[in-house]
Structure formats: C-alpha cells, structure tokens
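Structure data follow from query_6.txt (compact mmCIF, C-alpha atoms and all ligand atoms):
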# COMPACT_ATOMS: atom_id res chain seq x y z
CA MET A 263 72.28 -179.14 134.96
CA GLN A 264 75.39 -181.28 134.72
CA THR A 265 78.65 -179.45 134.10
CA GLY A 266 80.56 -180.65 131.04
CA THR A 267 84.12 -181.88 131.38
CA LEU A 268 86.98 -179.63 130.30
CA LEU A 269 89.93 -181.05 128.39
CA ARG A 270 93.38 -179.75 129.20
CA ALA A 271 95.02 -177.23 126.89
CA ASP A 272 97.74 -179.77 126.07
CA ALA A 273 95.22 -182.44 125.00
CA ARG A 274 96.05 -184.12 121.68
CA VAL A 275 93.96 -182.89 118.76
CA GLU A 276 93.06 -186.52 118.05
CA ASP A 277 91.53 -186.80 121.52
CA ILE A 278 89.65 -183.52 121.13
CA ALA A 279 88.30 -184.64 117.74
CA GLU A 280 87.34 -188.00 119.24
CA ALA A 281 85.37 -186.30 122.05
CA LEU A 282 83.74 -183.99 119.52
CA ASN A 283 82.70 -186.80 117.21
CA SER A 284 81.49 -189.06 120.00
CA GLN A 285 79.55 -186.67 122.25
CA GLY A 286 78.98 -183.79 119.83
CA TYR A 287 81.07 -181.26 121.73
CA ALA A 288 84.42 -180.75 123.44
CA ALA A 289 85.60 -177.94 125.68
CA ILE A 290 89.25 -177.04 126.25
CA GLU A 291 90.30 -175.18 129.35
CA ARG A 292 92.39 -172.01 128.85
CA LEU A 293 93.55 -172.82 125.33
CA ALA A 294 94.50 -169.13 125.11
CA GLU A 295 96.00 -166.83 127.69
CA PRO A 296 93.39 -164.81 129.60
CA THR A 297 95.34 -161.68 128.57
CA ALA A 298 94.71 -162.52 124.89
CA MET A 299 91.00 -162.47 125.71
CA ASP A 300 91.38 -159.03 127.29
CA VAL A 301 92.93 -157.82 124.04
CA ILE A 302 90.02 -159.27 122.07
CA ALA A 303 87.54 -157.65 124.47
CA ALA A 304 89.22 -154.30 123.76
CA GLU A 305 89.22 -154.95 120.00
CA LEU A 306 85.49 -155.66 120.08
CA ARG A 307 84.39 -153.01 122.58
CA PRO A 308 83.79 -150.14 120.11
CA HIS A 309 81.69 -152.45 117.93
CA PHE A 310 79.51 -153.60 120.84
CA ASP A 311 79.17 -150.03 122.08
CA ALA A 312 78.00 -148.88 118.65
CA LEU A 313 74.98 -151.22 118.74
CA THR A 314 71.67 -149.46 119.15
CA THR A 315 69.16 -150.50 121.79
CA ARG A 316 67.03 -152.03 119.04
CA GLN A 317 69.97 -154.10 117.86
CA ARG A 318 70.41 -155.57 121.36
CA ARG A 319 67.49 -157.90 120.94
CA ASN A 320 66.83 -160.40 123.75
CA ALA A 321 69.36 -158.50 125.86
CA THR A 322 72.12 -159.80 123.61
CA GLY A 323 74.52 -157.76 121.50
CA ARG A 324 75.82 -159.35 118.30
CA ILE A 325 78.59 -158.08 116.09
CA HIS A 326 79.64 -159.82 112.92
CA SER A 327 82.54 -160.93 110.73
CA ARG A 328 83.43 -157.40 109.64
CA VAL A 329 85.06 -156.83 113.06
CA LEU A 330 87.88 -159.18 112.08
CA ALA A 331 89.45 -156.46 109.93
CA THR A 332 90.43 -154.38 112.96
CA ALA A 333 91.08 -157.22 115.41
CA PRO A 334 94.55 -158.81 114.98
CA GLN A 335 94.32 -160.87 118.17
CA LEU A 336 90.95 -162.23 117.08
CA GLN A 337 92.54 -163.13 113.73
CA GLN A 338 95.13 -165.18 115.61
CA ARG A 339 92.46 -167.12 117.47
CA MET A 340 90.70 -167.95 114.20
CA VAL A 341 93.85 -169.83 113.12
CA ASP A 342 94.70 -171.27 116.52
CA PRO A 343 96.75 -174.41 115.74
CA VAL A 344 94.68 -176.63 118.02
CA ILE A 345 91.41 -175.46 116.49
CA LEU A 346 92.77 -175.96 112.96
CA GLY A 347 94.16 -179.34 113.98
CA VAL A 348 90.68 -180.40 115.06
CA MET A 349 89.14 -179.01 111.86
CA ASP A 350 91.71 -180.93 109.82
CA LEU A 351 90.45 -184.13 111.39
CA VAL A 352 86.72 -183.42 111.42
CA LEU A 353 86.15 -181.32 108.27
CA GLY A 354 89.31 -182.24 106.34
CA PRO A 355 88.11 -185.62 105.09
CA ASN A 356 85.18 -184.06 103.20
CA CYS A 357 86.82 -181.14 101.42
CA VAL A 358 90.08 -179.99 99.93
CA ARG A 359 90.04 -176.84 102.08
CA TYR A 360 87.66 -175.70 104.79
CA GLN A 361 86.70 -172.09 105.56
CA LEU A 362 85.38 -169.60 108.06
CA SER A 363 81.62 -169.47 107.62
CA SER A 364 80.90 -166.62 110.02
CA ILE A 365 82.11 -164.84 113.13
CA GLN A 366 79.95 -163.32 115.84
CA GLY A 367 80.93 -161.46 118.96
CA ILE A 368 78.13 -162.19 121.42
CA GLU A 369 77.61 -160.11 124.53
CA VAL A 370 74.90 -161.51 126.79
CA TYR A 371 73.74 -158.65 129.01
CA PRO A 372 72.41 -158.92 132.55
CA GLY A 373 68.76 -159.89 132.42
CA ALA A 374 69.05 -161.96 129.24
CA ARG A 375 66.87 -165.06 129.35
CA ASP A 376 67.76 -168.57 128.16
CA GLN A 377 68.36 -168.69 124.42
CA GLY A 378 66.24 -171.44 122.88
CA LEU A 379 68.08 -174.67 122.14
CA HIS A 380 68.78 -175.13 118.45
CA ARG A 381 71.04 -176.71 115.84
CA ASP A 382 73.19 -174.17 113.97
CA ASP A 383 73.33 -176.21 110.77
CA ASP A 384 69.55 -176.20 110.40
CA ILE A 385 69.96 -173.04 108.31
CA PHE A 386 70.89 -175.49 105.54
CA ARG A 387 67.65 -177.48 105.89
CA LEU A 388 69.27 -180.87 105.37
CA PRO A 389 67.54 -183.81 107.09
CA HIS A 390 69.38 -185.24 110.12
CA PRO A 391 71.50 -187.18 110.66
CA HIS A 392 73.93 -186.19 107.94
CA PRO A 393 77.71 -186.05 107.54
CA VAL A 394 79.46 -183.21 109.38
CA PHE A 395 79.74 -180.09 107.25
CA GLU A 396 79.99 -177.42 109.96
CA VAL A 397 81.89 -177.21 113.24
CA ASN A 398 81.53 -174.23 115.55
CA VAL A 399 83.62 -172.78 118.33
CA MET A 400 82.98 -170.34 121.15
CA TRP A 401 85.89 -168.56 122.78
CA ALA A 402 85.21 -167.48 126.35
CA VAL A 403 86.30 -163.83 126.30
CA THR A 404 85.01 -163.52 129.87
CA ASP A 405 84.52 -166.42 132.28
CA PHE A 406 81.49 -168.51 131.30
CA THR A 407 79.54 -169.54 134.40
CA ALA A 408 76.23 -171.14 135.35
CA GLU A 409 75.01 -167.72 136.42
CA ASN A 410 76.22 -165.44 133.62
CA GLY A 411 75.01 -167.20 130.47
CA ALA A 412 77.48 -169.98 129.65
CA THR A 413 76.56 -172.02 126.58
CA ARG A 414 74.75 -175.29 127.26
CA VAL A 415 74.99 -178.27 124.92
CA VAL A 416 73.02 -181.51 124.65
CA PRO A 417 75.46 -184.43 124.57
CA ASN A 418 75.06 -186.94 121.71
CA SER A 419 72.27 -184.87 120.13
CA HIS A 420 74.22 -184.52 116.88
CA ARG A 421 73.07 -188.05 116.00
CA TRP A 422 69.38 -187.42 116.50
CA PRO A 423 66.98 -187.51 113.58
CA SER A 424 65.17 -184.35 112.54
CA GLY A 425 62.17 -183.71 114.77
CA LYS A 426 63.64 -185.15 117.98
CA THR A 427 64.00 -182.37 120.55
CA PRO A 428 65.93 -182.22 123.85
CA GLU A 429 64.39 -183.24 127.16
CA PRO A 430 64.53 -180.42 129.73
CA GLY A 431 67.60 -180.80 131.94
CA SER A 432 69.50 -183.03 129.53
CA GLU A 433 72.05 -180.33 128.71
CA HIS A 434 75.65 -180.07 129.84
CA LEU A 435 76.80 -176.65 130.95
CA ALA A 436 79.99 -175.43 129.28
CA ALA A 437 81.17 -173.50 132.32
CA MET A 438 84.75 -172.49 131.54
CA PRO A 439 87.24 -169.82 132.53
CA LYS A 440 88.26 -166.96 130.25
CA GLY A 441 90.52 -168.18 127.43
CA SER A 442 88.76 -171.55 127.15
CA VAL A 443 86.97 -172.69 124.03
CA LEU A 444 83.89 -174.79 123.40
CA ILE A 445 83.73 -176.71 120.11
CA TRP A 446 80.52 -178.33 118.88
CA LEU A 447 79.26 -179.95 115.71
CA GLY A 448 76.77 -177.99 113.60
CA SER A 449 74.13 -180.62 114.41
CA THR A 450 74.55 -180.55 118.20
CA TRP A 451 71.66 -178.92 120.09
CA HIS A 452 72.82 -175.98 122.23
CA GLY A 453 72.06 -172.41 123.34
CA ALA A 454 73.21 -169.67 125.69
CA CYS A 455 71.91 -169.70 129.27
CA ALA A 456 70.28 -166.74 131.00
CA ASN A 457 72.49 -164.10 132.57
CA HIS A 458 71.49 -163.65 136.22
CA THR A 459 74.53 -161.55 137.12
CA GLU A 460 75.22 -157.84 136.97
CA ARG A 461 77.93 -158.15 134.29
CA PRO A 462 77.85 -159.08 130.62
CA ARG A 463 79.14 -162.41 129.34
CA ILE A 464 81.26 -162.03 126.20
CA GLY A 465 82.06 -164.81 123.76
CA VAL A 466 83.31 -165.03 120.22
CA TYR A 467 81.57 -167.56 118.04
CA ALA A 468 83.29 -168.78 114.87
CA GLY A 469 81.74 -171.20 112.40
CA TYR A 470 83.96 -173.37 110.20
CA SER A 471 82.57 -175.29 107.26
CA LEU A 472 83.52 -177.35 104.23
CA GLY A 473 85.11 -175.13 101.60
CA TRP A 474 82.55 -176.06 98.94
CA LEU A 475 79.58 -174.93 101.00
CA ARG A 476 78.05 -171.45 100.96
CA GLN A 477 79.36 -169.39 103.91
CA GLU A 478 76.77 -168.24 106.44
CA GLU A 479 77.84 -164.60 106.12
CA MET A 480 78.72 -162.90 102.81
CA MET A 481 82.39 -162.96 103.71
CA TYR A 482 83.74 -161.25 100.58
CA LEU A 483 81.43 -158.29 101.29
CA ALA A 484 82.02 -158.26 105.06
CA LEU A 485 85.77 -158.53 104.45
CA PRO A 486 86.57 -157.16 100.98
CA PRO A 487 90.05 -157.57 99.47
CA GLU A 488 91.41 -154.24 100.71
CA SER A 489 90.55 -155.14 104.32
CA VAL A 490 91.99 -158.65 103.97
CA GLN A 491 95.24 -157.69 102.22
CA PRO A 492 97.05 -156.73 105.48
CA MET A 493 96.05 -159.95 107.26
CA PRO A 494 98.30 -163.00 107.66
CA GLU A 495 98.10 -165.36 104.71
CA ASN A 496 96.49 -168.20 106.65
CA VAL A 497 93.70 -165.88 107.84
CA GLN A 498 93.13 -164.60 104.29
CA ARG A 499 92.87 -168.16 103.09
CA LEU A 500 90.46 -169.20 105.83
CA ILE A 501 88.15 -166.29 104.97
CA GLY A 502 88.01 -167.70 101.46
CA TYR A 503 90.74 -165.93 99.51
CA GLU A 504 92.13 -169.07 97.91
CA LEU A 505 91.15 -171.93 95.63
CA LYS A 506 88.92 -174.31 97.56
CA GLY A 507 89.49 -177.23 95.22
CA THR A 508 92.46 -178.60 93.39
CA SER A 509 91.99 -176.52 90.25
CA THR A 510 88.84 -174.49 89.61
CA LEU A 511 86.65 -174.27 92.72
CA GLY A 512 86.78 -170.63 93.80
CA TRP A 513 88.76 -169.40 90.82
CA LEU A 514 88.53 -165.84 89.47
CA ASP A 515 88.93 -165.03 85.78
CA GLY A 516 90.21 -168.56 85.35
CA ARG A 517 93.03 -168.08 87.85
CA ASP A 518 93.86 -168.47 91.52
CA PRO A 519 92.12 -165.46 93.12
CA ARG A 520 95.24 -164.76 95.18
CA ASP A 521 97.20 -164.17 91.97
CA VAL A 522 94.48 -161.99 90.46
CA LEU A 523 94.31 -159.84 93.61
CA GLY A 524 98.07 -159.64 93.97
CA PHE A 525 97.99 -161.38 97.37
CA GLU A 526 101.36 -162.75 98.32
CA THR A 527 101.52 -166.54 98.40
CA THR A 528 104.56 -167.49 100.41
CA GLU A 529 103.97 -171.16 100.91
CA GLU A 530 101.75 -174.02 99.95
CA PRO A 531 98.96 -174.20 102.54
CA THR A 532 99.87 -176.68 105.25
CA SER A 533 97.82 -175.60 108.25
CA HIS A 534 94.80 -177.37 106.97
CA THR A 535 94.23 -180.34 104.79
CA SER A 536 95.37 -180.14 101.19
CA LYS A 537 94.67 -183.21 99.12
O1 LIG A 601 76.02 -167.30 122.98
C1 LIG A 601 76.01 -168.52 123.12
O2 LIG A 601 76.44 -169.09 124.12
C2 LIG A 601 75.46 -169.40 122.02
C3 LIG A 601 75.00 -168.62 120.84
C4 LIG A 601 74.40 -169.47 119.79
O3 LIG A 601 74.29 -170.64 119.90
C5 LIG A 601 73.93 -168.86 118.55
O4 LIG A 601 73.78 -167.62 118.50
O5 LIG A 601 73.67 -169.59 117.57
FE FE A 602 73.87 -171.57 118.03

File written out as structure tokens:
Amino acid sequence: MQTGTLLRADARVEDIAEALNSQGYAAIERLAEPTAMDVIAAELRPHFDALTTRQRRNATGRIHSRVLATAPQLQQRMVDPVILGVMDLVLGPNCVRYQLSSIQGIEVYPGARDQGLHRDDDIFRLPHPHPVFEVNVMWAVTDFTAENGATRVVPNSHRWPSGKTPEPGSEHLAAMPKGSVLIWLGSTWHGACANHTERPRIGVYAGYSLGWLRQEEMMYLALPPESVQPMPENVQRLIGYELKGTSTLGWLDGRDPRDVLGFETTEEPTSHTSK
C-alpha cells in the first residue's frame, strides 16, 4: 500500500484545503506537540478502561463525545486554529456556522483486523457525488504505522458515484507520528488497518459538519449545559451552543440560546465563518 504524503505543520490552510478538496484527504505532520497527545491519552484512559469486553467489539474500544467534558486538552484540539481554518474554507461556504458532529476516541487493540472501507457521510443516505457537508479529522494520539492500525484512505474516492467501491490496494496509508492529524471529506472511502503489534493504537476522531445539519451524536444530551458552561466559548459554540444562522436557526424561546442559558458571550465569533 502506498504511503500518503504528509504536509508540514506550517503549511498554509489554503494549501491543506486544496489538497483535501482535490484528493479527498490531507495529513499534517505533528500539528500538535507529542506531549499534548500524552495529555489527551491520560484524559481518555479512564474512559477506555471502563469499557466492558462486550463493548470492545472487533478488538476496538470506542468512547464518545461525553469525554470532552473532562478533557481540556482535547477541547483545545477541537478548536485547533489550523483545523478551523480548513473548516472555514471547506464547510464555511455552505453554512453560517459549522459544528462538531461527533467525537470518538478509538483504541485499536492488538489483534484487531482491517476495518471495512466505508464513507462516513453515508449515514445521511444522500446519493453521491454531492456537495461537502461533513469533514472529519483523526488525531494520532499514538504513532500511526503500517503495522499498528493506521487509517487508510482511497485518494479521489470522494468524487465517485454511489455504488462504486474501491479496488483492493488502491488505498493510501496515513502513517504519521504522534501529534499528526489526518483530515478527510465525509465522502472519502477509508478505514482503520489491522493492528499486528503488541500495543494499542489510539486516535481521536472528530466530525465537523454544516451547522444546519443534524449532528451525528445527540450533542446536547452528551454534553448538557452544566458540563459545557466551564468550557472556553469557542468550544461551547462548536458543540452547538449558539445560533447557527443569522437570526433564528438554533434559537431557544425566541432568543440566542447563549443568552437564555446565561453563557458569557465575550466577542462576536471570528474563528469560523460568520456571514
Ligand atoms: O480508526 C480509524 O482509523 C478509522 C475509524 C473510522 O473510520 C470510523 O470509525 O468511522
Ligand atoms: Fe470512518
């Protein structure tokens, strides 16, 4: 399997977005410090350890958006300026505000087999090709290697019509050191590789989508107001605690939900597109 190219951490967001739009994915080497990933690994550890054997289906442990409440370093990665800069360019044109659709911590244990290739946005059952409404990222919390279950992606597959499936061996391997991030369009075929090593592979998946679309996870239940109140304002907003249109989309009792909940609004949102 061919190894995908890694962009440098100082790459321009325009160039990252261009790679993403043209080949369906982009990977950025060490966008975050490896030590930040160690902090995230520690934040997530109790949640992974609490999974029962039955929950570790296909030798993979999955924890969900709820973990964000007790993971300040993970919160920071969700609003990484480079990631938001890319989302501004790719999702921004089709919505007033975009949002976090779901988060998953994914621990691929030794012995896990190849995850089947799939398109994440097929949960919406829209025929392909279609305009981009979802963009996903995977932070490498441990190194991602050919042996331990790195994600593989099928270049250019985001343009394929429904029903066309990948040829074996056509994938690119997103091998990347800890702290790197893989970004792919919701329509790009991909999946985790098998883990042939003795150690788990840990990644954090985050889905971003247009602010007028239903979120994959029930975010207001996973992260209710009392758990979101202590978070930074831009994280609260990304979870969905804001108006998603210019006046009424996402309102509560006819008002901005932030005002109703007593959430402090210090500044007009600038970190992602506001039309
Ligand atoms: O764990 C990975 O590398 C990919 C996971 C994935 O694609 C998914 O769960 O939808
Ligand atoms: Fe996926």

Best match for closeness to Pro296 (chain A) among A:Leu475, A:Ala321, A:Val443, A:Leu269, counting all atoms listed in the file: A:Val443

For a quick check of understanding, using all atoms listed in the file, which of A:Gly367, A:Gly524, A:Gln285, A:Ile464 has the smallest distance to Asn418 (chain A)? A:Gln285

Counting only C-alpha atoms and all ligand atoms, what residues are within 10 Å of ligand LIG 601 (chain A), given as a ChimeraX atom specification? /A:322-324,366-370,376-383,398-402,406,411-415,436,444,446,448,451-456,463-467,469

Skip region 481-494 of chain A itself and residues of its chain fewer than 5 positions away, then list as number ranges by chain all residues within 10 Å of it, counting only C-alpha atoms. A: 326-334, 337-338, 341, 362-365, 476, 499, 501-503, 520, 523-526

Centre and edge lengths of an axis-aligned box around all listed atoms of region 308-319 of chain A, with 5 Å added on each side, are to be given in Å to one decimal, as AutoDock Vina command-line options.
--center_x 75.4 --center_y -153.4 --center_z 120.0 --size_x 26.8 --size_y 19.0 --size_z 14.2

Using all atoms listed in the file, which residue out of A:Glu396, A:Glu530, A:Glu291, A:Asp518 lies closest to ligand FE 602 (chain A)? A:Glu396

Would you kindly return, as a list in words, each protein, DNA or RNA residue with an atom no farther than 12 Å from any atom of Ala273 (chain A), considering all atoms listed in the file and excluding same-chain residues fewer than 6 positions away? Ala279, Glu280, Ala281, Ala288, Ala289, Ile290, Glu291, Arg292, Leu293, Val344, Ile345, Gly347 and Val348 of chain A

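Interatomic distance, CA of Gly473 (chain A) against CA of Lys506 (chain A): 5.6 Å.
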
CA of Arg461 (chain A) to CA of Pro372 (chain A): how many Å, to one decimal?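 Interatomic distance, CA of Arg461 (chain A) to CA of Pro372 (chain A): 5.8 Å.
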
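Take CA of His392 (chain A) and CA of Gly266 (chain A): the distance between them is 24.7 Å.
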
Counting all atoms listed in the file, which residues have an atom no more than 8 Å from (77.2, -174.6, 135.0) in the file's coordinates? Please list them as a PyMOL selection string. chain A and resi 263-266+407-409+412+434-437

Go ahead and write the residues just picked, C-alpha atoms, as a CSV table (one decimal), in the frame of the given file.
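Saved to result_16.csv:
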chain,number,residue,atom,x,y,z
A,263,MET,CA,72.3,-179.1,135.0
A,264,GLN,CA,75.4,-181.3,134.7
A,265,THR,CA,78.6,-179.4,134.1
A,266,GLY,CA,80.6,-180.6,131.0
A,407,THR,CA,79.5,-169.5,134.4
A,408,ALA,CA,76.2,-171.1,135.4
A,409,GLU,CA,75.0,-167.7,136.4
A,412,ALA,CA,77.5,-170.0,129.6
A,434,HIS,CA,75.6,-180.1,129.8
A,435,LEU,CA,76.8,-176.6,131.0
A,436,ALA,CA,80.0,-175.4,129.3
A,437,ALA,CA,81.2,-173.5,132.3

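Counting all atoms listed in the file and comparing A:Glu460, A:Asp515, A:Ser509, A:Val416, the residue that lies closest to ligand FE 602 (chain A) is A:Val416.
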
For ligand FE 602 (chain A), the nearest of the candidates A:Ser449, A:Ser432, A:Thr297, A:Ser419, counting all atoms listed in the file: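 Closest to ligand FE 602 (chain A) of all the choices is A:Ser449.
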
Neighbour list for Trp474 (chain A) as a list in words, cut-off 10 Å, all atoms listed in the file, skip fewer than 2 positions in-chain: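 Listed by chain and then number, they are Asn356, Cys357, Val358, Arg359, Tyr360, Gln361, Phe395, Ser471, Leu472, Arg476, Gln477, Lys506, Gly507, Leu511 and Gly512 of chain A.
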